[in-house]
Amino acid sequence: MVPSDRAYQKCINPSCGAEFDCAQVLFKCPRCGDPLDVRYNWDKIKLPQKLGDFAKRWVTRGSQLDFSGVWRFRELLDFCDDRYKVSVGEGQTLLQQNGALAKELGMNPASLFLQYEGLNPSGSFKDNGMTAAFSHAKMVGAVASACASTGNTSASMALYAHSCGLKATVFIGEGKIAFGKLSQSMDYGAHTIRVAGDFDDCMRQVQDVCTELNIYLVNSLNPFRLEGQKTIMLRIIEALGWQVPDWIIVPGGNLGNSSSFGKVFAELKEIGLIDRVPRLAVINAHGANTLTELVNDKGLKWNGGKVNDTIADDYFAHLDATGYRPDTIASAIEISRPVNLKKCLRALEVCNGVVLDVTDEEILDAKAQVGKYGLGCEPASAATIAGLKYLLANGTVDKDARVACILTGHLLKDPNATVNYHSKMAREFSNPPVQVENDLQKIIALMK
Ligand SMILES: *Cc1c(COP(=O)(O)O)cnc(C)c1O
Ligand SMILES: [Zn+2]
């Protein structure tokens with residue numbers, strides 16, 4: 001493989017700035033330990049004049065790469081040759097304008113949009129990233145892949161590994177894992193290892209295992225994965241007639257999505273394909289709110305790249321000392337040591353972003369509202385709507401602002417959470433089944 005003149009890897013820490021070829025498999029900067037970015041020599045890439053030019057690929061969607069909701073934007077993630085690219089039809093997702101839910105939230109009915117990433121082949125947004133990571137894996141000749149997962153990463157990895165002939169090993173912890181997700185990785189043939197620890201423990205183990213055994217790691221500290229996730233924003237812009245919304249709202253777990261969103265907006269601005277960057281809101285679950293605590297309470301910020309590392313180090317030392325374990329029904333974001341923390345801080349700076357946390361009850365109420373008025377989603381995804389309620393109430397988001405909420409995972413990923421809410425919790429939107437005797441008149445009486 002010839003080193004590309006179009007893309008390279010670069011440490012995100014401006015005072016280090018070490019650069020590496022895309023042929024190298026690295027999870028962090030070997031010099032300073034900070035995360036790596038994929039960067040582009042834009043003058044070597046044949047970019048469209050305007051974003052709308054990508055629409056020409058709708059006509060040629062018979063070709064696999066033009067059909068893909070990731071690769072039809074390939075000039076904006078041009079790190080590997082087409083012959084290495086892997087696709088299973090990811091990114092056929094939908095931006096639904098939801099007037100009924102908007103009204104219920106007291107918004108202008110024309111201004112709320114739900115981005116249904118649950119419509120991806122494995123049922124979550126992770127496929128956007130996995131298609132890119134596995135394309136890079138093919139490019140470097142990897143034969144085995146692994147990840148730590150709260151469920152959706154493993155489902156997606158297993159699907160892609162299977163489709164391109166790599167081995168796949170999943171590390172799951174003893175924390176919550178939704179059955180829909182676990183069932184997928186078993187069905188897609190991944191080797192599943194259950195570690196006696198939580199997600200954060202698995203995350204640490206898998207990094208060492210991959211280094212030791214030369215296995216390709218597909219967690220979101222893989223910078224190539226995040227390149228694929230940028231296209232979620234491109235598809236939102238596409239669905240809005242090539243316009244940028246005012247707000248993007250996304251749940252925050254390992255903070256890969258929020259990081260990649262900030263990155264793509266910075267890039268689009270730099271190359272002149274947009275003239276305005278939307279604002280970003282990242283929503284934590286209250287039981288896994290590291291980002292909220294660090295940003296809102298301890299004042300941690302990107303600060304042009306001069307991050308005050310001791311703030312985060314002290315916080316994590318405190319979590320260790322107290323034996324803290326994150327705990328939320330939104331298992332996909334039950335993470336207290338987000339690996340993309342620094343990249344997310346940068347995204348918050350690029351997008352003038354805000355951060356907040358919401359309780360499990362608020363998440364489940366919002367999830368039932370999405371289900372009632374839309375296509376439904378899993379708990380973590382509904383954190384976006386729960387967060388939006390706060391942002392409307394405190395005036396941060398205007399009721400006429402155009403808001404896109406990222407519904408990261410499919411409703412059927414976690415049926416237990418849904419059934420439990422409706423049949424046991426007796427909350428505002430609970431919709432339990434009603435018992436009746438096996439008697440026609442009594443049944444009819446109930447229907448009136
Ligand atoms: C992985 C995941 C998240 C968290 O995304 P990050 O990029 O890790 O912040 C949120 N929702 C769902 C459904 C997920 O699968
Ligand atoms: Zn570095």
# chains A, B, ... in the order shown; residues from 1 in each chain; ligands from 1
call {"tool": "closest_atom_pairs", "arguments": {"of": "segment 350-407 of chain A", "to": "segment 423-440 of chain A", "cutoff": "8 Å", "atoms": "only C-alpha atoms", "output": "CSV"}}
result
residue,atom,partner,partner_atom,distance
A:Asp365,CA,A:Phe429,CA,6.2
A:Ala368,CA,A:Phe429,CA,6.1
A:Gln369,CA,A:Phe429,CA,7.0
call {"tool": "select_by_dssp", "arguments": {"residues": "segment 134-361 of chain A", "states": "helix (DSSP H, G or I)", "output": "MDAnalysis selection string"}}
result
chainID A and resid 134:139 152:164 179:187 199:213 223:229 231:239 256:270 286:288 290:297 303:305 309:322 331:333 341:350 360:361
call {"tool": "residues_near_ligand", "arguments": {"ligand": "ligand 1", "cutoff": "7 Å", "atoms": "only C-alpha atoms and all ligand atoms", "output": "list in words"}}
result
Ser124, Phe125, Lys126, Gly151, Asn152, Thr153, Pro251, Gly252, Gly253, Asn254, Leu255, Gly256, Asn257, Ser258, Ala332, Ile333, Glu378, Ala380, Ser381, Thr408 and Gly409 of chain A
call {"tool": "residues_around", "arguments": {"residues": "Asp360 of chain A", "least_positions_apart": "6", "cutoff": "9 Å", "atoms": "only C-alpha atoms", "output": "list in words"}}
result
Ala285, His286, Gly287, Thr328, Ile329, Ala330, Pro379 and Ala383 of chain A
call {"tool": "residues_around", "arguments": {"residues": "Tyr116 of chain A", "least_positions_apart": "5", "cutoff": "7 Å", "atoms": "only C-alpha atoms", "output": "list of chain:residue names"}}
result
A:Thr93, A:Leu94, A:Leu95, A:Ile406, A:Leu407, A:Thr408
call {"tool": "residues_near_ligand", "arguments": {"ligand": "ligand 2", "cutoff": "12 Å", "atoms": "only C-alpha atoms and all ligand atoms", "output": "list in words"}}
result
Gln9, Lys10, Cys11, Ile12, Asn13, Pro14, Ser15, Cys16, Gly17, Ala18, Glu19, Phe20, Leu26, Phe27, Lys28, Cys29, Pro30, Arg31, Cys32, Gly33, Asp34, Pro35, Leu36, Asp37 and Gly305 of chain A
call {"tool": "write_last_selection", "arguments": {"atoms": "N, CA and C atoms", "output": "short mmCIF file (atom, residue, chain, number, x, y, z; two decimals), in the first residue's frame"}}
result
data_model
loop_
_atom_site.label_atom_id
_atom_site.label_comp_id
_atom_site.auth_asym_id
_atom_site.auth_seq_id
_atom_site.Cartn_x
_atom_site.Cartn_y
_atom_site.Cartn_z
N GLN A 9 -2.59 11.11 9.83
CA GLN A 9 -3.09 11.21 11.20
C GLN A 9 -2.29 12.28 11.92
N LYS A 10 -2.99 12.98 12.83
CA LYS A 10 -2.30 14.04 13.56
C LYS A 10 -2.81 14.09 14.99
N CYS A 11 -1.91 14.23 15.92
CA CYS A 11 -2.26 14.36 17.34
C CYS A 11 -3.10 15.64 17.53
N ILE A 12 -4.18 15.53 18.33
CA ILE A 12 -5.07 16.70 18.48
C ILE A 12 -4.47 17.77 19.39
N ASN A 13 -3.44 17.41 20.12
CA ASN A 13 -2.81 18.38 21.04
C ASN A 13 -1.90 19.32 20.23
N PRO A 14 -2.28 20.60 20.11
CA PRO A 14 -1.50 21.50 19.25
C PRO A 14 -0.05 21.65 19.71
N SER A 15 0.21 21.47 21.00
CA SER A 15 1.60 21.64 21.43
C SER A 15 2.44 20.39 21.17
N CYS A 16 1.78 19.30 20.71
CA CYS A 16 2.52 18.11 20.25
C CYS A 16 2.48 18.08 18.74
N GLY A 17 1.27 17.88 18.19
CA GLY A 17 1.08 17.97 16.74
C GLY A 17 1.78 16.89 15.93
N ALA A 18 2.17 15.78 16.57
CA ALA A 18 2.85 14.70 15.84
C ALA A 18 1.97 14.17 14.71
N GLU A 19 2.61 13.83 13.59
CA GLU A 19 1.87 13.34 12.43
C GLU A 19 2.29 11.92 12.07
N PHE A 20 1.32 11.15 11.58
CA PHE A 20 1.57 9.75 11.22
C PHE A 20 0.84 9.41 9.94
N LEU A 26 -2.96 3.11 15.12
CA LEU A 26 -2.65 3.72 16.41
C LEU A 26 -3.96 4.08 17.10
N PHE A 27 -4.02 3.97 18.42
CA PHE A 27 -5.23 4.38 19.13
C PHE A 27 -5.04 5.70 19.84
N LYS A 28 -3.78 6.10 19.99
CA LYS A 28 -3.50 7.40 20.59
C LYS A 28 -2.10 7.82 20.16
N CYS A 29 -1.78 9.06 20.42
CA CYS A 29 -0.49 9.59 20.00
C CYS A 29 0.63 8.89 20.77
N PRO A 30 1.56 8.22 20.06
CA PRO A 30 2.64 7.54 20.76
C PRO A 30 3.55 8.51 21.50
N ARG A 31 3.52 9.78 21.11
CA ARG A 31 4.41 10.75 21.74
C ARG A 31 3.82 11.31 23.04
N CYS A 32 2.54 11.73 23.01
CA CYS A 32 1.99 12.38 24.20
C CYS A 32 0.76 11.70 24.78
N GLY A 33 0.21 10.69 24.09
CA GLY A 33 -0.93 9.95 24.64
C GLY A 33 -2.29 10.55 24.34
N ASP A 34 -2.33 11.70 23.69
CA ASP A 34 -3.62 12.30 23.34
C ASP A 34 -4.24 11.58 22.12
N PRO A 35 -5.54 11.80 21.89
CA PRO A 35 -6.17 11.16 20.73
C PRO A 35 -5.64 11.69 19.40
N LEU A 36 -5.86 10.92 18.36
CA LEU A 36 -5.44 11.30 17.01
C LEU A 36 -6.65 11.65 16.15
N ASP A 37 -6.42 12.53 15.21
CA ASP A 37 -7.39 12.91 14.18
C ASP A 37 -6.95 12.34 12.85
N GLY A 305 -6.90 24.17 22.77
CA GLY A 305 -5.99 23.02 22.80
C GLY A 305 -5.16 22.95 24.07
#
call {"tool": "atom_distance", "arguments": {"atom1": "atom CA of Leu105 of chain A", "atom2": "atom CA of Cys405 of chain A"}}
result
13.3 Å
call {"tool": "atom_distance", "arguments": {"atom1": "atom CA of Leu273 of chain A", "atom2": "atom CA of Gln243 of chain A"}}
result
10.6 Å
call {"tool": "residues_around", "arguments": {"residues": "Ile193 of chain A", "least_positions_apart": "4", "cutoff": "10 Å", "atoms": "only C-alpha atoms", "output": "list in words"}}
result
Ala148, Thr169, Val170, Phe171, Ile172, Gly173 and Cys202 of chain A
call {"tool": "closest_atom_pairs", "arguments": {"of": "segment 216-237 of chain A", "to": "segment 344-351 of chain A", "cutoff": "12 Å", "atoms": "only C-alpha atoms", "output": "tab-separated table"}}
result
residue	atom	partner	partner_atom	distance
A:Ser220	CA	A:Cys344	CA	12.0
A:Leu221	CA	A:Cys344	CA	11.8
A:Leu226	CA	A:Cys344	CA	11.8
call {"tool": "closest_residue", "arguments": {"among": "A:Leu392, A:Ile177, A:Asn416, A:Asp198", "to": "Tyr324 of chain A", "atoms": "only C-alpha atoms"}}
result
A:Asp198
call {"tool": "residues_around", "arguments": {"residues": "Ala161 of chain A", "least_positions_apart": "5", "cutoff": "9 Å", "atoms": "only C-alpha atoms", "output": "PDB file with N, CA, C and O atoms, in the first residue's frame"}}
result
ATOM      1  N   PHE A 134     -13.745  -0.476   9.258  1.00  0.00           N
ATOM      2  CA  PHE A 134     -13.408  -1.726   8.571  1.00  0.00           C
ATOM      3  C   PHE A 134     -12.777  -1.482   7.201  1.00  0.00           C
ATOM      4  O   PHE A 134     -11.999  -2.301   6.718  1.00  0.00           O
ATOM      5  N   ALA A 144      -8.122  -9.532  12.309  1.00  0.00           N
ATOM      6  CA  ALA A 144      -8.998  -9.715  13.472  1.00  0.00           C
ATOM      7  C   ALA A 144      -9.347  -8.359  14.059  1.00  0.00           C
ATOM      8  O   ALA A 144      -8.542  -7.428  14.028  1.00  0.00           O
ATOM      9  N   SER A 145     -10.572  -8.253  14.602  1.00  0.00           N
ATOM     10  CA  SER A 145     -11.044  -6.995  15.184  1.00  0.00           C
ATOM     11  C   SER A 145     -11.582  -7.255  16.582  1.00  0.00           C
ATOM     12  O   SER A 145     -11.965  -8.380  16.914  1.00  0.00           O
ATOM     13  N   SER A 156     -22.646  -3.899  15.729  1.00  0.00           N
ATOM     14  CA  SER A 156     -22.204  -3.342  14.460  1.00  0.00           C
ATOM     15  C   SER A 156     -20.880  -3.964  14.017  1.00  0.00           C
ATOM     16  O   SER A 156     -20.715  -4.356  12.856  1.00  0.00           O
ATOM     17  N   LEU A 166     -13.241 -10.630   8.647  1.00  0.00           N
ATOM     18  CA  LEU A 166     -12.333 -10.516   9.784  1.00  0.00           C
ATOM     19  C   LEU A 166     -12.929 -11.245  10.990  1.00  0.00           C
ATOM     20  O   LEU A 166     -14.144 -11.340  11.120  1.00  0.00           O
ATOM     21  N   LYS A 167     -12.058 -11.726  11.865  1.00  0.00           N
ATOM     22  CA  LYS A 167     -12.546 -12.274  13.136  1.00  0.00           C
ATOM     23  C   LYS A 167     -13.012 -11.129  14.030  1.00  0.00           C
ATOM     24  O   LYS A 167     -12.504 -10.003  13.915  1.00  0.00           O
ATOM     25  N   ALA A 168     -13.943 -11.412  14.931  1.00  0.00           N
ATOM     26  CA  ALA A 168     -14.456 -10.367  15.815  1.00  0.00           C
ATOM     27  C   ALA A 168     -14.559 -10.873  17.240  1.00  0.00           C
ATOM     28  O   ALA A 168     -15.118 -11.948  17.484  1.00  0.00           O
ATOM     29  N   TYR A 188     -24.423 -12.789  14.738  1.00  0.00           N
ATOM     30  CA  TYR A 188     -23.474 -12.448  13.674  1.00  0.00           C
ATOM     31  C   TYR A 188     -22.138 -13.175  13.853  1.00  0.00           C
ATOM     32  O   TYR A 188     -21.195 -12.937  13.111  1.00  0.00           O
ATOM     33  N   ALA A 190     -19.864 -13.270  16.540  1.00  0.00           N
ATOM     34  CA  ALA A 190     -18.700 -12.727  17.255  1.00  0.00           C
ATOM     35  C   ALA A 190     -18.368 -13.591  18.465  1.00  0.00           C
ATOM     36  O   ALA A 190     -19.244 -14.195  19.074  1.00  0.00           O
TER      37      ALA A 190
END
call {"tool": "select_by_dssp", "arguments": {"residues": "segment 81-307 of chain A", "states": "strand (DSSP E)", "output": "ChimeraX atom specification"}}
result
/A:94-97,112-116,144-148,167-172,191-194,216-217,247-251,279-285
call {"tool": "write_last_selection", "arguments": {"atoms": "C-alpha atoms", "output": "CSV table (one decimal), in the first residue's frame"}}
result
chain,number,residue,atom,x,y,z
A,94,LEU,CA,-34.4,9.4,7.9
A,95,LEU,CA,-34.7,13.0,9.1
A,96,GLN,CA,-38.3,13.2,10.2
A,97,GLN,CA,-39.9,16.6,10.8
A,112,LEU,CA,-38.2,19.9,15.3
A,113,PHE,CA,-36.4,17.1,13.4
A,114,LEU,CA,-35.6,13.6,14.5
A,115,GLN,CA,-32.7,11.9,12.8
A,116,TYR,CA,-33.5,8.1,12.9
A,144,ALA,CA,-9.0,-9.7,13.5
A,145,SER,CA,-11.0,-7.0,15.2
A,146,ALA,CA,-12.2,-6.3,18.7
A,147,CYS,CA,-14.1,-3.8,20.8
A,148,ALA,CA,-15.4,-3.1,24.3
A,167,LYS,CA,-12.5,-12.3,13.1
A,168,ALA,CA,-14.5,-10.4,15.8
A,169,THR,CA,-14.1,-10.4,19.6
A,170,VAL,CA,-16.5,-8.5,21.9
A,171,PHE,CA,-15.6,-7.5,25.4
A,172,ILE,CA,-18.7,-6.8,27.6
A,191,HIS,CA,-16.6,-14.3,20.0
A,192,THR,CA,-18.1,-12.8,23.2
A,193,ILE,CA,-16.0,-12.4,26.3
A,194,ARG,CA,-17.7,-11.3,29.5
A,216,TYR,CA,-7.7,-4.1,15.1
A,217,LEU,CA,-9.6,-2.0,17.6
A,247,TRP,CA,-29.0,23.0,16.9
A,248,ILE,CA,-27.8,19.5,17.0
A,249,ILE,CA,-28.7,17.5,20.1
A,250,VAL,CA,-26.9,14.2,20.8
A,251,PRO,CA,-26.6,11.8,23.7
A,279,ARG,CA,-24.8,24.8,18.1
A,280,LEU,CA,-24.3,21.5,19.8
A,281,ALA,CA,-26.0,20.1,22.9
A,282,VAL,CA,-24.5,16.9,24.5
A,283,ILE,CA,-26.8,15.2,26.9
A,284,ASN,CA,-25.5,12.8,29.6
A,285,ALA,CA,-27.6,10.5,31.8
call {"tool": "closest_residue", "arguments": {"among": "A:Gly106, A:Gly99, A:Gly197, A:Gly228", "to": "Val38 of chain A", "atoms": "only C-alpha atoms"}}
result
A:Gly228
call {"tool": "closest_residue", "arguments": {"among": "A:Asp21, A:Asp414, A:Asp53, A:Glu293", "to": "Arg337 of chain A", "atoms": "only C-alpha atoms"}}
result
A:Glu293
call {"tool": "residues_around", "arguments": {"residues": "Leu76 of chain A", "least_positions_apart": "3", "cutoff": "9 Å", "atoms": "only C-alpha atoms", "output": "NGL selection string"}}
result
:A and (40 or 42 or 45 or 47 or 73 or 227 or 230-231 or 264 or 267-268)
call {"tool": "write_last_selection", "arguments": {"atoms": "N, CA and C atoms", "output": "mmCIF file, in the first residue's frame"}}
result
data_model
loop_
_atom_site.group_PDB
_atom_site.id
_atom_site.type_symbol
_atom_site.label_atom_id
_atom_site.label_comp_id
_atom_site.auth_asym_id
_atom_site.auth_seq_id
_atom_site.Cartn_x
_atom_site.Cartn_y
_atom_site.Cartn_z
ATOM 1 N N TYR A 40 -6.741 16.003 6.407
ATOM 2 C CA TYR A 40 -6.727 15.920 4.939
ATOM 3 C C TYR A 40 -5.935 17.052 4.327
ATOM 4 N N TRP A 42 -6.613 19.110 1.714
ATOM 5 C CA TRP A 42 -7.814 19.381 0.904
ATOM 6 C C TRP A 42 -7.467 19.774 -0.529
ATOM 7 N N ILE A 45 -7.609 16.937 -2.956
ATOM 8 C CA ILE A 45 -8.869 16.192 -3.067
ATOM 9 C C ILE A 45 -9.821 16.965 -3.970
ATOM 10 N N LEU A 47 -12.862 18.271 -4.389
ATOM 11 C CA LEU A 47 -14.054 18.584 -3.590
ATOM 12 C C LEU A 47 -15.169 19.131 -4.485
ATOM 13 N N PHE A 73 -20.524 10.530 0.380
ATOM 14 C CA PHE A 73 -19.821 11.771 0.736
ATOM 15 C C PHE A 73 -18.311 11.540 0.804
ATOM 16 N N GLU A 227 -14.515 9.266 11.382
ATOM 17 C CA GLU A 227 -14.689 9.881 10.057
ATOM 18 C C GLU A 227 -16.033 9.475 9.444
ATOM 19 N N LYS A 230 -19.121 11.360 10.776
ATOM 20 C CA LYS A 230 -19.333 12.736 10.302
ATOM 21 C C LYS A 230 -20.523 12.813 9.354
ATOM 22 N N THR A 231 -20.772 11.710 8.630
ATOM 23 C CA THR A 231 -21.791 11.788 7.571
ATOM 24 C C THR A 231 -23.209 11.894 8.121
ATOM 25 N N VAL A 264 -16.579 17.682 11.707
ATOM 26 C CA VAL A 264 -17.056 17.892 10.335
ATOM 27 C C VAL A 264 -17.498 19.339 10.132
ATOM 28 N N GLU A 267 -14.430 21.354 9.574
ATOM 29 C CA GLU A 267 -13.870 21.100 8.236
ATOM 30 C C GLU A 267 -14.697 21.772 7.137
ATOM 31 N N LEU A 268 -16.020 21.626 7.225
ATOM 32 C CA LEU A 268 -16.878 22.209 6.187
ATOM 33 C C LEU A 268 -16.710 23.719 6.127
#
call {"tool": "closest_residue", "arguments": {"among": "A:Ala401, A:Ala137, A:Leu294, A:Val244", "to": "Leu388 of chain A", "atoms": "only C-alpha atoms"}}
result
A:Ala401
call {"tool": "decode", "arguments": {"residues": "segment 243-303 of chain A", "atoms": "C-alpha atoms", "output": "PDB file, in the first residue's frame"}}
result
ATOM      1  CA  GLN A 243     -29.047  23.961   4.907  1.00  0.00           C
ATOM      2  CA  VAL A 244     -27.452  23.833   8.345  1.00  0.00           C
ATOM      3  CA  PRO A 245     -29.859  23.513  11.319  1.00  0.00           C
ATOM      4  CA  ASP A 246     -29.562  25.791  14.368  1.00  0.00           C
ATOM      5  CA  TRP A 247     -29.029  23.035  16.917  1.00  0.00           C
ATOM      6  CA  ILE A 248     -27.771  19.458  16.979  1.00  0.00           C
ATOM      7  CA  ILE A 249     -28.674  17.480  20.100  1.00  0.00           C
ATOM      8  CA  VAL A 250     -26.911  14.188  20.777  1.00  0.00           C
ATOM      9  CA  PRO A 251     -26.571  11.784  23.721  1.00  0.00           C
ATOM     10  CA  GLY A 252     -23.080  11.607  25.211  1.00  0.00           C
ATOM     11  CA  GLY A 253     -21.465   8.289  26.147  1.00  0.00           C
ATOM     12  CA  ASN A 254     -17.905   7.738  24.948  1.00  0.00           C
ATOM     13  CA  LEU A 255     -18.351  11.091  23.125  1.00  0.00           C
ATOM     14  CA  GLY A 256     -17.408   9.837  19.677  1.00  0.00           C
ATOM     15  CA  ASN A 257     -20.467  11.241  17.936  1.00  0.00           C
ATOM     16  CA  SER A 258     -20.260  14.702  19.453  1.00  0.00           C
ATOM     17  CA  SER A 259     -16.539  14.770  18.605  1.00  0.00           C
ATOM     18  CA  SER A 260     -17.068  13.817  14.988  1.00  0.00           C
ATOM     19  CA  PHE A 261     -19.893  16.325  14.580  1.00  0.00           C
ATOM     20  CA  GLY A 262     -17.679  19.152  15.786  1.00  0.00           C
ATOM     21  CA  LYS A 263     -14.933  17.959  13.464  1.00  0.00           C
ATOM     22  CA  VAL A 264     -17.056  17.892  10.335  1.00  0.00           C
ATOM     23  CA  PHE A 265     -18.480  21.355  10.959  1.00  0.00           C
ATOM     24  CA  ALA A 266     -15.000  22.767  11.472  1.00  0.00           C
ATOM     25  CA  GLU A 267     -13.870  21.100   8.236  1.00  0.00           C
ATOM     26  CA  LEU A 268     -16.878  22.209   6.187  1.00  0.00           C
ATOM     27  CA  LYS A 269     -16.350  25.765   7.361  1.00  0.00           C
ATOM     28  CA  GLU A 270     -12.636  25.592   6.589  1.00  0.00           C
ATOM     29  CA  ILE A 271     -13.166  24.398   3.030  1.00  0.00           C
ATOM     30  CA  GLY A 272     -15.999  26.843   2.463  1.00  0.00           C
ATOM     31  CA  LEU A 273     -18.867  24.379   2.040  1.00  0.00           C
ATOM     32  CA  ILE A 274     -20.898  25.956   4.877  1.00  0.00           C
ATOM     33  CA  ASP A 275     -20.876  29.517   6.160  1.00  0.00           C
ATOM     34  CA  ARG A 276     -22.339  28.847   9.588  1.00  0.00           C
ATOM     35  CA  VAL A 277     -21.780  26.200  12.274  1.00  0.00           C
ATOM     36  CA  PRO A 278     -24.793  24.942  14.290  1.00  0.00           C
ATOM     37  CA  ARG A 279     -24.779  24.826  18.073  1.00  0.00           C
ATOM     38  CA  LEU A 280     -24.318  21.474  19.776  1.00  0.00           C
ATOM     39  CA  ALA A 281     -25.957  20.092  22.924  1.00  0.00           C
ATOM     40  CA  VAL A 282     -24.513  16.922  24.453  1.00  0.00           C
ATOM     41  CA  ILE A 283     -26.818  15.156  26.905  1.00  0.00           C
ATOM     42  CA  ASN A 284     -25.541  12.842  29.645  1.00  0.00           C
ATOM     43  CA  ALA A 285     -27.585  10.525  31.809  1.00  0.00           C
ATOM     44  CA  HIS A 286     -27.486  11.742  35.396  1.00  0.00           C
ATOM     45  CA  GLY A 287     -26.031   8.375  36.477  1.00  0.00           C
ATOM     46  CA  ALA A 288     -23.099   8.723  34.040  1.00  0.00           C
ATOM     47  CA  ASN A 289     -22.471  12.449  33.913  1.00  0.00           C
ATOM     48  CA  THR A 290     -18.710  12.865  33.766  1.00  0.00           C
ATOM     49  CA  LEU A 291     -18.879  15.396  30.924  1.00  0.00           C
ATOM     50  CA  THR A 292     -21.505  17.509  32.679  1.00  0.00           C
ATOM     51  CA  GLU A 293     -19.550  17.547  35.921  1.00  0.00           C
ATOM     52  CA  LEU A 294     -16.251  18.369  34.250  1.00  0.00           C
ATOM     53  CA  VAL A 295     -17.598  21.076  31.957  1.00  0.00           C
ATOM     54  CA  ASN A 296     -20.362  22.696  34.002  1.00  0.00           C
ATOM     55  CA  ASP A 297     -19.083  22.241  37.541  1.00  0.00           C
ATOM     56  CA  LYS A 298     -15.302  22.147  37.138  1.00  0.00           C
ATOM     57  CA  GLY A 299     -14.977  24.493  34.166  1.00  0.00           C
ATOM     58  CA  LEU A 300     -12.991  22.131  31.939  1.00  0.00           C
ATOM     59  CA  LYS A 301     -12.666  23.425  28.372  1.00  0.00           C
ATOM     60  CA  TRP A 302     -10.697  22.960  25.176  1.00  0.00           C
ATOM     61  CA  ASN A 303      -9.162  26.373  25.508  1.00  0.00           C
TER      62      ASN A 303
END
